Amino acid sequence: MKLVLALAAMLAALLVPALPAHADTVSVFAPGTAWNDTSGNALQIHGLGILKVGGTWYAYGENKAGETSSNTSFQSVPCYSSSDLQHWTLQGNALSVQSSGDLGPNRIVERPKVVYDSSTGEYVMWMHIDSSNYSEARAGVAESTTPCGPYTYLGASQPLGFQSRDIGLFQDTDGTAYLLTEDRANGLRIDKLASNYLSVVSAGSSNGGSVALFADYEAPALVKANGRYYVLASHLTGWSTNDDVYASSTSLSNGWTSFQDFAPGGTHTYNTQVANIIQVQGSSGTAYIYAGDRWTTSNLGTSPLIWLPLTLVGTVANVGWQNSWSLDVTTGAPAAQSSNPTSGSNYTLTNGKSSYLMDVNGASTANGGTIIQWPSTGGSNQKWTLKHVSGTADVFTLTSVNSGLCLDVPNQSTTEGVQLDQWTCSGGANQEWALDPVGSYATSGDSVYQLTSLVSGFTAEDESNSTSQGSPIDQWPSNGGSNQQWTLKAS
């Protein structure tokens with residue numbers, strides 16, 4: 001009998017696969033802190049390319065170890081694997097430096113991005129190829145039969161005859177792939193790839209054959225969510241960061257909204273530049289991660305990798321700072337973090353310009369009661385109950401303690417300058433607000449926030465920088481002004 005039981009136990013062990021290391025489904029990210037691979041070395045996935053194959057994520061990047069902003073010669077494109085997006089194991093080099101040619105010494109190879117062609121079984125990598133003085137401005141392509149390669153380099157060109165610097169790569173739900181490329185002479189382009197993803201093809205006579213042409217932005221990334229496309233990009237400021245922007249549309253070729261900040265103005269996108277957007281499809285929904293580079297020009301290999309929750313609702317894209325945040329990669333659910341206000345608690349909101357409180361005019365309890373600023377009275381019409389919106393990292397509703405009505409953008413307006421009001425809580429995006437830190441956001445204890453409407457992408461502000469009591473609180477594009485900053489205090 002003992003022999004039978006032993007054999008049964010051995011058979012059971014063979015039938016049940018061993019769990020991989022770090023099998024927990026909840027991953028924790030600490031933006032701005034050192035991030036090492038499983039061997040203890042700094043992750044070299046700058047200019048991130050990322051792809052999921054089965055249950056494994058593969059990350060590609062620029063190996064900047066030992067480099068400075070004045071010496072960025074190509075070393076390699078390493079490939080890492082992970083089952084949880086938090087713990088990464090180096091698998092080897094997808095591309096290595098060669099003795100000569102595009103991948104030779106003193107060459108520029110940046111922003112490697114990979115897609116999979118299911119019809120050919122090939123993994124296709126695109127990257128920016130250039131000389132050390134950035135005079136060539138070309139896009140290179142390579143392919144492999146495995147995610148980490150090594151890849152076979154096929155050459156580089158200027159797509160459709162136009163310059164190509166910073167690139168992005170996007171594969172649509174129908175399998176069509178697109179190259180995003182910064183053409184300094186004309187603007188940011190979306191170009192269609194051939195069916196095998198190895199070359200660019202003309203999409204028509206407009207825009208020089210490109211699918212779309214924008215103003216001149218760089219560091220592009222594109223994602224599709226709920227039938228809408230969102231493109232994120234950076235202004236051109238070299239290694240210095242800036243307030244990155246986004247636009248959205250239901251079509252790649254037309255109907256794009258105007259570009260606006262997706263993080264609070266003046267934070268320079270929390271001192272980062274767009275690298276990529278990570279889409280995490282889970283059993284309960286899909287989460288999106290903004291992946292940014294924060295360049296340390298004196299030692300590029302140690303540049304922090306900044307991954308933050310990306311909220312995509314309607315026409316709006318929003319990123320707020322988190323000192324630490326978690327994501328269940330199985331369910332696709334981010335969680336509100338301890339650095340955010342406490343859900344269900346009451347707060348006053350003090351304007352950074354006027355030092356007055358956000359107030360329901362006349363202590364109204366009626367739908368449509370307007371929102372103004374007013375000196376502190378201790379009244380319940382100056383107190384707001386903040387409730388976290390499930391499935392988001394930093395989105396809240398604000399309910400007036402006096403009236404029980406929600407802070408609201410009237411009629412779901414997307415027009416700047418519209419005064420805010422209160423209305424019966426409906427769960428609409430016009431009553432949902434991303435609380436984005438704008439103070440010393442890289443430290444604990446943040447209490448200064450920008451309130452970003454998820455219907456318009458605009459922020460709640462003291463109209464016209466007024467220091468007068470009774471001045472309206474309206475919505476306006478983010479600009480970094482103190483009249484758009486609110487200090488939260490538990491009441």
# chains A, B, ... in the order shown; residues from 1 in each chain; ligands from 1
$ residues_around --residues "Leu252 in chain A" --least-positions-apart "3" --cutoff "9 Å" --atoms "only C-alpha atoms" --output "short mmCIF file (atom, residue, chain, number, x, y, z; two decimals) with C-alpha atoms, in the first residue's frame"
data_model
loop_
_atom_site.label_atom_id
_atom_site.label_comp_id
_atom_site.auth_asym_id
_atom_site.auth_seq_id
_atom_site.Cartn_x
_atom_site.Cartn_y
_atom_site.Cartn_z
CA ILE A 190 1.51 57.36 -38.48
CA VAL A 211 -2.21 57.56 -42.36
CA ALA A 212 -2.02 60.70 -40.20
CA TYR A 229 -7.18 55.42 -30.27
CA SER A 248 -7.60 60.71 -29.25
CA SER A 249 -9.88 59.63 -32.08
CA GLY A 255 -11.18 63.11 -36.18
CA TRP A 256 -8.31 63.58 -33.73
#
$ residues_around --residues "Gly404 in chain A" --least-positions-apart "2" --cutoff "10 Å" --atoms "only C-alpha atoms" --output "list in words"
Thr365, Ala366, Asn381, Trp384, Thr385, Leu398, Thr399, Ser400, Val401, Asn402, Cys406, Leu407, Gln422, Trp423, Thr424 and Cys425 of chain A
$ closest_atom_pairs --of "range 229-251 of chain A" --to "range 149-168 of chain A" --cutoff "12 Å" --atoms "only C-alpha atoms" --output "tab-separated table"
residue	atom	partner	partner_atom	distance
A:Val231	CA	A:Gly168	CA	9.9
A:Leu232	CA	A:Gly168	CA	10.0
A:Ala233	CA	A:Gly168	CA	9.7
A:Ser234	CA	A:Asp166	CA	10.1
A:His235	CA	A:Asp166	CA	11.6
A:Leu236	CA	A:Asp166	CA	10.5
A:Gly238	CA	A:Asp166	CA	11.4
$ residues_around --residues "range 323-326 of chain A" --least-positions-apart "6" --cutoff "6 Å" --atoms "only C-alpha atoms" --output "PyMOL selection string"
chain A and resi 27-30+334+337
$ residues_around --residues "Leu488 in chain A" --least-positions-apart "2" --cutoff "12 Å" --atoms "only C-alpha atoms" --output "MDAnalysis selection string"
chainID A and resid 340:342 345:352 355 357:358 382:386 398 435:439 445:451 485:486 490:491
$ write_last_selection --atoms "N, CA and C atoms" --output "mmCIF file, in the first residue's frame"
data_model
loop_
_atom_site.group_PDB
_atom_site.id
_atom_site.type_symbol
_atom_site.label_atom_id
_atom_site.label_comp_id
_atom_site.auth_asym_id
_atom_site.auth_seq_id
_atom_site.Cartn_x
_atom_site.Cartn_y
_atom_site.Cartn_z
ATOM 1 N N ASN A 340 -3.053 58.163 -1.720
ATOM 2 C CA ASN A 340 -4.237 58.900 -2.144
ATOM 3 C C ASN A 340 -5.095 59.266 -0.935
ATOM 4 N N PRO A 341 -6.065 60.189 -1.109
ATOM 5 C CA PRO A 341 -7.015 60.460 -0.024
ATOM 6 C C PRO A 341 -7.748 59.181 0.373
ATOM 7 N N THR A 342 -8.228 59.156 1.589
ATOM 8 C CA THR A 342 -8.943 57.993 2.111
ATOM 9 C C THR A 342 -10.371 57.992 1.593
ATOM 10 N N SER A 345 -13.872 59.428 3.350
ATOM 11 C CA SER A 345 -13.604 60.478 4.335
ATOM 12 C C SER A 345 -13.960 61.853 3.776
ATOM 13 N N ASN A 346 -14.129 62.804 4.676
ATOM 14 C CA ASN A 346 -14.493 64.174 4.300
ATOM 15 C C ASN A 346 -13.257 65.067 4.270
ATOM 16 N N TYR A 347 -13.238 65.971 3.282
ATOM 17 C CA TYR A 347 -12.110 66.881 3.106
ATOM 18 C C TYR A 347 -12.611 68.270 2.741
ATOM 19 N N THR A 348 -11.805 69.277 3.111
ATOM 20 C CA THR A 348 -11.942 70.598 2.504
ATOM 21 C C THR A 348 -10.879 70.722 1.433
ATOM 22 N N LEU A 349 -11.156 71.581 0.417
ATOM 23 C CA LEU A 349 -10.219 71.799 -0.681
ATOM 24 C C LEU A 349 -9.888 73.280 -0.742
ATOM 25 N N THR A 350 -8.627 73.604 -0.481
ATOM 26 C CA THR A 350 -8.184 74.989 -0.443
ATOM 27 C C THR A 350 -7.422 75.326 -1.707
ATOM 28 N N ASN A 351 -7.817 76.402 -2.372
ATOM 29 C CA ASN A 351 -7.187 76.792 -3.626
ATOM 30 C C ASN A 351 -5.802 77.384 -3.385
ATOM 31 N N GLY A 352 -4.840 76.986 -4.228
ATOM 32 C CA GLY A 352 -3.457 77.415 -4.052
ATOM 33 C C GLY A 352 -3.225 78.878 -4.357
ATOM 34 N N SER A 355 -6.340 80.827 -1.535
ATOM 35 C CA SER A 355 -6.455 80.277 -0.172
ATOM 36 C C SER A 355 -7.901 80.179 0.298
ATOM 37 N N LEU A 357 -11.782 78.255 0.029
ATOM 38 C CA LEU A 357 -12.221 76.872 -0.072
ATOM 39 C C LEU A 357 -13.194 76.676 -1.229
ATOM 40 N N MET A 358 -13.195 75.451 -1.790
ATOM 41 C CA MET A 358 -14.214 75.070 -2.759
ATOM 42 C C MET A 358 -15.549 74.970 -2.024
ATOM 43 N N GLN A 382 -18.779 73.362 2.458
ATOM 44 C CA GLN A 382 -17.364 73.456 2.090
ATOM 45 C C GLN A 382 -16.626 72.142 2.364
ATOM 46 N N LYS A 383 -17.412 71.110 2.654
ATOM 47 C CA LYS A 383 -16.825 69.799 2.938
ATOM 48 C C LYS A 383 -17.286 68.809 1.877
ATOM 49 N N TRP A 384 -16.362 67.944 1.475
ATOM 50 C CA TRP A 384 -16.629 67.005 0.388
ATOM 51 C C TRP A 384 -16.221 65.597 0.799
ATOM 52 N N THR A 385 -17.104 64.652 0.524
ATOM 53 C CA THR A 385 -16.788 63.249 0.772
ATOM 54 C C THR A 385 -16.163 62.660 -0.484
ATOM 55 N N LEU A 386 -14.951 62.166 -0.353
ATOM 56 C CA LEU A 386 -14.242 61.591 -1.494
ATOM 57 C C LEU A 386 -14.440 60.076 -1.499
ATOM 58 N N LEU A 398 -16.571 63.425 -5.728
ATOM 59 C CA LEU A 398 -16.600 64.360 -4.602
ATOM 60 C C LEU A 398 -18.054 64.736 -4.346
ATOM 61 N N LEU A 435 -7.353 62.629 -9.140
ATOM 62 C CA LEU A 435 -6.613 63.460 -8.201
ATOM 63 C C LEU A 435 -5.123 63.246 -8.443
ATOM 64 N N ASP A 436 -4.529 64.188 -9.159
ATOM 65 C CA ASP A 436 -3.138 64.070 -9.593
ATOM 66 C C ASP A 436 -2.245 64.944 -8.721
ATOM 67 N N PRO A 437 -1.296 64.353 -7.985
ATOM 68 C CA PRO A 437 -0.408 65.144 -7.130
ATOM 69 C C PRO A 437 0.391 66.174 -7.922
ATOM 70 N N VAL A 438 0.513 67.371 -7.380
ATOM 71 C CA VAL A 438 1.302 68.424 -8.027
ATOM 72 C C VAL A 438 2.268 69.072 -7.051
ATOM 73 N N GLY A 439 2.302 68.587 -5.821
ATOM 74 C CA GLY A 439 3.237 69.139 -4.854
ATOM 75 C C GLY A 439 4.556 68.401 -4.941
ATOM 76 N N GLY A 445 3.115 61.732 1.918
ATOM 77 C CA GLY A 445 2.357 62.786 2.572
ATOM 78 C C GLY A 445 1.849 63.864 1.645
ATOM 79 N N ASP A 446 1.721 63.582 0.356
ATOM 80 C CA ASP A 446 1.225 64.575 -0.587
ATOM 81 C C ASP A 446 -0.186 65.003 -0.201
ATOM 82 N N SER A 447 -0.459 66.286 -0.355
ATOM 83 C CA SER A 447 -1.811 66.767 -0.092
ATOM 84 C C SER A 447 -2.260 67.798 -1.116
ATOM 85 N N VAL A 448 -1.387 68.156 -2.053
ATOM 86 C CA VAL A 448 -1.715 69.137 -3.076
ATOM 87 C C VAL A 448 -1.984 68.404 -4.385
ATOM 88 N N TYR A 449 -3.165 68.665 -4.953
ATOM 89 C CA TYR A 449 -3.598 67.913 -6.120
ATOM 90 C C TYR A 449 -4.159 68.831 -7.194
ATOM 91 N N GLN A 450 -4.105 68.329 -8.414
ATOM 92 C CA GLN A 450 -4.905 68.849 -9.514
ATOM 93 C C GLN A 450 -6.092 67.920 -9.677
ATOM 94 N N LEU A 451 -7.287 68.482 -9.877
ATOM 95 C CA LEU A 451 -8.491 67.689 -10.102
ATOM 96 C C LEU A 451 -8.799 67.708 -11.584
ATOM 97 N N GLN A 485 -4.391 74.320 -8.273
ATOM 98 C CA GLN A 485 -3.894 73.411 -7.253
ATOM 99 C C GLN A 485 -4.773 73.491 -6.011
ATOM 100 N N TRP A 486 -5.041 72.321 -5.443
ATOM 101 C CA TRP A 486 -5.955 72.226 -4.309
ATOM 102 C C TRP A 486 -5.304 71.420 -3.177
ATOM 103 N N ALA A 490 -8.310 66.793 5.797
ATOM 104 C CA ALA A 490 -9.393 66.024 6.402
ATOM 105 C C ALA A 490 -10.208 66.907 7.332
ATOM 106 N N SER A 491 -11.538 66.774 7.252
ATOM 107 C CA SER A 491 -12.399 67.632 8.051
ATOM 108 C C SER A 491 -13.401 66.809 8.834
#
$ select_by_dssp --residues "range 222-449 of chain A" --states "strand (DSSP E or B)" --output "VMD selection string"
chain A and resid 222 to 225 228 to 234 245 to 249 260 to 261 273 to 281 286 to 293 305 to 313 316 to 319 325 to 328 333 to 334 345 to 351 357 to 360 370 to 374 384 to 388 395 to 400 406 to 408 419 421 to 423 433 to 437 448 to 449
$ write_last_selection --atoms "C-alpha atoms" --output "compact mmCIF listing (two decimals), in the first residue's frame"
# COMPACT_ATOMS: atom_id res chain seq x y z
CA LEU A 222 -0.28 54.56 -29.45
CA VAL A 223 -2.94 52.38 -27.83
CA LYS A 224 -6.55 51.44 -28.53
CA ALA A 225 -9.15 51.21 -25.76
CA ARG A 228 -10.82 54.73 -29.42
CA TYR A 229 -7.18 55.42 -30.27
CA TYR A 230 -4.94 57.46 -27.98
CA VAL A 231 -1.57 58.81 -29.06
CA LEU A 232 0.88 60.08 -26.43
CA ALA A 233 3.95 62.09 -27.37
CA SER A 234 6.60 64.49 -26.14
CA VAL A 245 0.60 65.55 -24.55
CA TYR A 246 -2.07 63.30 -26.01
CA ALA A 247 -4.90 63.27 -28.54
CA SER A 248 -7.60 60.71 -29.25
CA SER A 249 -9.88 59.63 -32.08
CA GLN A 260 -3.39 68.53 -24.36
CA ASP A 261 -1.42 67.49 -21.27
CA GLN A 273 9.27 61.18 -21.33
CA VAL A 274 6.93 58.71 -23.05
CA ALA A 275 8.50 55.32 -23.73
CA ASN A 276 5.46 53.09 -24.28
CA ILE A 277 1.97 52.09 -23.15
CA ILE A 278 1.49 48.64 -21.62
CA GLN A 279 -1.90 47.01 -22.02
CA VAL A 280 -2.79 44.40 -19.37
CA GLN A 281 -5.86 42.38 -20.30
CA THR A 286 -8.02 45.90 -18.99
CA ALA A 287 -5.47 48.07 -17.24
CA TYR A 288 -3.08 50.46 -18.95
CA ILE A 289 0.37 51.46 -17.76
CA TYR A 290 2.22 54.59 -18.77
CA ALA A 291 5.90 53.66 -19.13
CA GLY A 292 8.22 56.66 -19.08
CA ASP A 293 11.95 57.35 -19.01
CA LEU A 305 11.98 53.66 -15.21
CA ILE A 306 8.71 55.36 -14.30
CA TRP A 307 5.61 53.17 -14.65
CA LEU A 308 2.31 54.75 -13.59
CA PRO A 309 -1.39 53.88 -13.97
CA LEU A 310 -2.86 55.32 -17.16
CA THR A 311 -6.59 56.13 -17.11
CA LEU A 312 -8.40 56.11 -20.46
CA VAL A 313 -12.04 57.24 -20.40
CA VAL A 316 -9.49 61.60 -21.93
CA ALA A 317 -6.10 60.15 -21.03
CA ASN A 318 -4.73 60.84 -17.56
CA VAL A 319 -1.65 59.93 -15.55
CA TRP A 325 1.02 51.26 -6.61
CA SER A 326 -0.18 47.75 -7.28
CA LEU A 327 -1.75 45.91 -10.18
CA ASP A 328 -3.36 42.49 -10.28
CA ALA A 333 -7.34 45.76 -11.66
CA PRO A 334 -5.21 48.61 -10.27
CA SER A 345 -13.60 60.48 4.33
CA ASN A 346 -14.49 64.17 4.30
CA TYR A 347 -12.11 66.88 3.11
CA THR A 348 -11.94 70.60 2.50
CA LEU A 349 -10.22 71.80 -0.68
CA THR A 350 -8.18 74.99 -0.44
CA ASN A 351 -7.19 76.79 -3.63
CA LEU A 357 -12.22 76.87 -0.07
CA MET A 358 -14.21 75.07 -2.76
CA ASP A 359 -17.78 75.95 -1.79
CA VAL A 360 -21.35 75.24 -2.91
CA THR A 370 -22.89 76.52 -8.59
CA ILE A 371 -19.40 75.99 -7.23
CA ILE A 372 -17.42 78.99 -6.06
CA GLN A 373 -14.53 79.83 -3.76
CA TRP A 374 -15.22 81.33 -0.34
CA TRP A 384 -16.63 67.00 0.39
CA THR A 385 -16.79 63.25 0.77
CA LEU A 386 -14.24 61.59 -1.49
CA LYS A 387 -15.10 58.12 -2.75
CA HIS A 388 -12.68 56.04 -4.78
CA VAL A 395 -10.14 58.53 -9.61
CA PHE A 396 -12.69 59.80 -7.09
CA THR A 397 -16.14 61.32 -6.85
CA LEU A 398 -16.60 64.36 -4.60
CA THR A 399 -19.95 64.61 -2.84
CA SER A 400 -21.05 67.74 -0.99
CA CYS A 406 -21.74 65.34 -6.66
CA LEU A 407 -19.19 67.81 -8.03
CA ASP A 408 -20.20 67.93 -11.69
CA GLN A 419 -18.39 76.76 -14.25
CA ASP A 421 -21.93 72.74 -10.33
CA GLN A 422 -23.43 70.01 -8.15
CA TRP A 423 -25.83 67.37 -9.40
CA TRP A 433 -12.10 63.34 -11.02
CA ALA A 434 -8.51 62.13 -11.21
CA LEU A 435 -6.61 63.46 -8.20
CA ASP A 436 -3.14 64.07 -9.59
CA PRO A 437 -0.41 65.14 -7.13
CA VAL A 448 -1.72 69.14 -3.08
CA TYR A 449 -3.60 67.91 -6.12
$ closest_atom_pairs --of "range 47-91 of chain A" --to "range 123-128 of chain A" --cutoff "12 Å" --atoms "only C-alpha atoms" --output "JSON lines"
{"residue": "A:Gly47", "atom": "CA", "partner": "A:Met127", "partner_atom": "CA", "distance": 9.8}
{"residue": "A:Leu48", "atom": "CA", "partner": "A:Met127", "partner_atom": "CA", "distance": 10.8}
{"residue": "A:Gly49", "atom": "CA", "partner": "A:Met125", "partner_atom": "CA", "distance": 9.0}
{"residue": "A:Ile50", "atom": "CA", "partner": "A:Met125", "partner_atom": "CA", "distance": 10.6}
{"residue": "A:Leu51", "atom": "CA", "partner": "A:Tyr123", "partner_atom": "CA", "distance": 9.8}
{"residue": "A:Lys52", "atom": "CA", "partner": "A:Tyr123", "partner_atom": "CA", "distance": 11.6}
{"residue": "A:Val53", "atom": "CA", "partner": "A:Tyr123", "partner_atom": "CA", "distance": 10.6}
{"residue": "A:Tyr58", "atom": "CA", "partner": "A:Tyr123", "partner_atom": "CA", "distance": 11.6}
{"residue": "A:Ala59", "atom": "CA", "partner": "A:Met125", "partner_atom": "CA", "distance": 11.9}
{"residue": "A:Tyr60", "atom": "CA", "partner": "A:Met125", "partner_atom": "CA", "distance": 9.6}
{"residue": "A:Gly61", "atom": "CA", "partner": "A:Met127", "partner_atom": "CA", "distance": 10.0}
{"residue": "A:Glu62", "atom": "CA", "partner": "A:Met127", "partner_atom": "CA", "distance": 10.1}
{"residue": "A:Phe74", "atom": "CA", "partner": "A:His128", "partner_atom": "CA", "distance": 11.2}
{"residue": "A:Val77", "atom": "CA", "partner": "A:Met127", "partner_atom": "CA", "distance": 10.0}
{"residue": "A:Cys79", "atom": "CA", "partner": "A:Met125", "partner_atom": "CA", "distance": 11.8}
$ closest_residue --among "A:Gly481, A:Lys113, A:Gly55, A:Phe458" --to "Phe262 in chain A" --atoms "only C-alpha atoms"
A:Phe458
$ closest_residue --among "A:Ser354, A:Asn207, A:Ser195, A:Ser100" --to "Asp183 in chain A" --atoms "only C-alpha atoms"
A:Asn207
$ closest_residue --among "A:Tyr270, A:Tyr178, A:Trp239, A:Tyr197" --to "Ser210 in chain A" --atoms "only C-alpha atoms"
A:Tyr178
$ select_by_dssp --residues "range 49-257 of chain A" --states "helix (DSSP H, G or I)" --output "ChimeraX atom specification"
/A:159-161,206-209
$ write_last_selection --atoms "all heavy atoms" --output "mmCIF file, in the first residue's frame"
data_model
loop_
_atom_site.group_PDB
_atom_site.id
_atom_site.type_symbol
_atom_site.label_atom_id
_atom_site.label_comp_id
_atom_site.auth_asym_id
_atom_site.auth_seq_id
_atom_site.Cartn_x
_atom_site.Cartn_y
_atom_site.Cartn_z
ATOM 1 N N PRO A 159 11.162 56.007 -44.042
ATOM 2 C CA PRO A 159 9.849 55.536 -44.491
ATOM 3 C C PRO A 159 9.174 56.529 -45.439
ATOM 4 O O PRO A 159 9.047 57.717 -45.124
ATOM 5 C CB PRO A 159 9.060 55.412 -43.187
ATOM 6 C CG PRO A 159 10.112 55.220 -42.133
ATOM 7 C CD PRO A 159 11.263 56.052 -42.578
ATOM 8 N N LEU A 160 8.780 56.037 -46.608
ATOM 9 C CA LEU A 160 8.122 56.846 -47.641
ATOM 10 C C LEU A 160 8.971 58.049 -48.039
ATOM 11 O O LEU A 160 8.456 59.037 -48.574
ATOM 12 C CB LEU A 160 6.736 57.305 -47.179
ATOM 13 C CG LEU A 160 5.750 56.181 -46.797
ATOM 14 C CD1 LEU A 160 4.440 56.790 -46.293
ATOM 15 C CD2 LEU A 160 5.492 55.272 -47.996
ATOM 16 N N GLY A 161 10.275 57.988 -47.746
ATOM 17 C CA GLY A 161 11.179 59.064 -48.114
ATOM 18 C C GLY A 161 11.270 60.176 -47.095
ATOM 19 O O GLY A 161 11.872 61.216 -47.379
ATOM 20 N N SER A 206 -2.780 61.712 -49.497
ATOM 21 C CA SER A 206 -2.670 62.784 -48.509
ATOM 22 C C SER A 206 -1.537 62.508 -47.530
ATOM 23 O O SER A 206 -1.120 61.354 -47.336
ATOM 24 C CB SER A 206 -3.981 62.937 -47.739
ATOM 25 O OG SER A 206 -4.290 61.757 -47.020
ATOM 26 N N ASN A 207 -1.025 63.549 -46.906
ATOM 27 C CA ASN A 207 0.022 63.445 -45.883
ATOM 28 C C ASN A 207 1.243 62.676 -46.371
ATOM 29 O O ASN A 207 1.914 61.993 -45.591
ATOM 30 C CB ASN A 207 -0.523 62.782 -44.612
ATOM 31 C CG ASN A 207 -1.664 63.545 -43.988
ATOM 32 O OD1 ASN A 207 -1.678 64.774 -43.987
ATOM 33 N ND2 ASN A 207 -2.633 62.809 -43.466
ATOM 34 N N GLY A 208 1.529 62.760 -47.668
ATOM 35 C CA GLY A 208 2.687 62.077 -48.197
ATOM 36 C C GLY A 208 2.597 60.569 -48.104
ATOM 37 O O GLY A 208 3.627 59.887 -48.072
ATOM 38 N N GLY A 209 1.392 60.045 -48.059
ATOM 39 C CA GLY A 209 1.205 58.602 -47.965
ATOM 40 C C GLY A 209 1.021 58.099 -46.556
ATOM 41 O O GLY A 209 0.778 56.903 -46.352
#
$ residues_around --residues "His268 in chain A" --least-positions-apart "5" --cutoff "7 Å" --atoms "only C-alpha atoms" --output "short mmCIF file (atom, residue, chain, number, x, y, z; two decimals) with N, CA, C and O atoms, in the first residue's frame"
data_model
loop_
_atom_site.label_atom_id
_atom_site.label_comp_id
_atom_site.auth_asym_id
_atom_site.auth_seq_id
_atom_site.Cartn_x
_atom_site.Cartn_y
_atom_site.Cartn_z
N THR A 241 13.01 67.02 -19.87
CA THR A 241 11.61 66.62 -19.92
C THR A 241 10.70 67.82 -20.13
O THR A 241 11.11 68.98 -19.98
N ASN A 242 9.45 67.55 -20.49
CA ASN A 242 8.47 68.60 -20.73
C ASN A 242 7.08 68.04 -20.42
O ASN A 242 6.94 66.88 -20.02
N ASP A 243 6.07 68.87 -20.57
CA ASP A 243 4.70 68.41 -20.36
C ASP A 243 4.23 67.67 -21.60
O ASP A 243 3.80 68.27 -22.60
N ASP A 244 4.32 66.33 -21.56
CA ASP A 244 3.91 65.51 -22.69
C ASP A 244 2.40 65.64 -22.93
O ASP A 244 1.65 66.00 -22.02
#
$ decode --residues "range 278-295 of chain A" --atoms "N, CA and C atoms" --output "PDB file, in the first residue's frame"
ATOM      1  N   ILE A 278       1.633  50.083 -21.841  1.00  0.00           N
ATOM      2  CA  ILE A 278       1.494  48.641 -21.616  1.00  0.00           C
ATOM      3  C   ILE A 278       0.021  48.335 -21.381  1.00  0.00           C
ATOM      4  N   GLN A 279      -0.505  47.410 -22.141  1.00  0.00           N
ATOM      5  CA  GLN A 279      -1.904  47.010 -22.021  1.00  0.00           C
ATOM      6  C   GLN A 279      -1.963  45.657 -21.303  1.00  0.00           C
ATOM      7  N   VAL A 280      -2.703  45.615 -20.190  1.00  0.00           N
ATOM      8  CA  VAL A 280      -2.791  44.404 -19.373  1.00  0.00           C
ATOM      9  C   VAL A 280      -4.240  43.922 -19.386  1.00  0.00           C
ATOM     10  N   GLN A 281      -4.513  42.923 -20.201  1.00  0.00           N
ATOM     11  CA  GLN A 281      -5.863  42.381 -20.295  1.00  0.00           C
ATOM     12  C   GLN A 281      -6.055  41.327 -19.215  1.00  0.00           C
ATOM     13  N   GLY A 282      -7.052  41.542 -18.354  1.00  0.00           N
ATOM     14  CA  GLY A 282      -7.307  40.637 -17.254  1.00  0.00           C
ATOM     15  C   GLY A 282      -8.713  40.087 -17.278  1.00  0.00           C
ATOM     16  N   SER A 283      -9.015  39.249 -16.310  1.00  0.00           N
ATOM     17  CA  SER A 283     -10.330  38.610 -16.249  1.00  0.00           C
ATOM     18  C   SER A 283     -11.437  39.578 -15.887  1.00  0.00           C
ATOM     19  N   SER A 284     -11.076  40.701 -15.221  1.00  0.00           N
ATOM     20  CA  SER A 284     -12.085  41.673 -14.796  1.00  0.00           C
ATOM     21  C   SER A 284     -12.045  42.973 -15.586  1.00  0.00           C
ATOM     22  N   GLY A 285     -11.101  43.095 -16.483  1.00  0.00           N
ATOM     23  CA  GLY A 285     -10.978  44.327 -17.255  1.00  0.00           C
ATOM     24  C   GLY A 285      -9.576  44.473 -17.796  1.00  0.00           C
ATOM     25  N   THR A 286      -9.333  45.615 -18.404  1.00  0.00           N
ATOM     26  CA  THR A 286      -8.024  45.901 -18.992  1.00  0.00           C
ATOM     27  C   THR A 286      -7.423  47.117 -18.317  1.00  0.00           C
ATOM     28  N   ALA A 287      -6.203  46.956 -17.842  1.00  0.00           N
ATOM     29  CA  ALA A 287      -5.474  48.067 -17.241  1.00  0.00           C
ATOM     30  C   ALA A 287      -4.438  48.575 -18.231  1.00  0.00           C
ATOM     31  N   TYR A 288      -4.071  49.844 -18.077  1.00  0.00           N
ATOM     32  CA  TYR A 288      -3.084  50.455 -18.947  1.00  0.00           C
ATOM     33  C   TYR A 288      -2.004  51.093 -18.082  1.00  0.00           C
ATOM     34  N   ILE A 289      -0.768  50.923 -18.498  1.00  0.00           N
ATOM     35  CA  ILE A 289       0.374  51.459 -17.763  1.00  0.00           C
ATOM     36  C   ILE A 289       1.114  52.446 -18.654  1.00  0.00           C
ATOM     37  N   TYR A 290       1.342  53.637 -18.115  1.00  0.00           N
ATOM     38  CA  TYR A 290       2.224  54.595 -18.772  1.00  0.00           C
ATOM     39  C   TYR A 290       3.652  54.246 -18.386  1.00  0.00           C
ATOM     40  N   ALA A 291       4.487  53.939 -19.373  1.00  0.00           N
ATOM     41  CA  ALA A 291       5.902  53.658 -19.133  1.00  0.00           C
ATOM     42  C   ALA A 291       6.721  54.836 -19.629  1.00  0.00           C
ATOM     43  N   GLY A 292       7.444  55.484 -18.717  1.00  0.00           N
ATOM     44  CA  GLY A 292       8.222  56.663 -19.077  1.00  0.00           C
ATOM     45  C   GLY A 292       9.678  56.517 -18.680  1.00  0.00           C
ATOM     46  N   ASP A 293      10.527  57.270 -19.356  1.00  0.00           N
ATOM     47  CA  ASP A 293      11.945  57.349 -19.013  1.00  0.00           C
ATOM     48  C   ASP A 293      12.214  58.662 -18.285  1.00  0.00           C
ATOM     49  N   ARG A 294      12.958  58.585 -17.199  1.00  0.00           N
ATOM     50  CA  ARG A 294      13.435  59.793 -16.509  1.00  0.00           C
ATOM     51  C   ARG A 294      14.952  59.796 -16.653  1.00  0.00           C
ATOM     52  N   TRP A 295      15.429  60.542 -17.633  1.00  0.00           N
ATOM     53  CA  TRP A 295      16.832  60.442 -18.017  1.00  0.00           C
ATOM     54  C   TRP A 295      17.764  61.074 -16.985  1.00  0.00           C
TER      55      TRP A 295
END
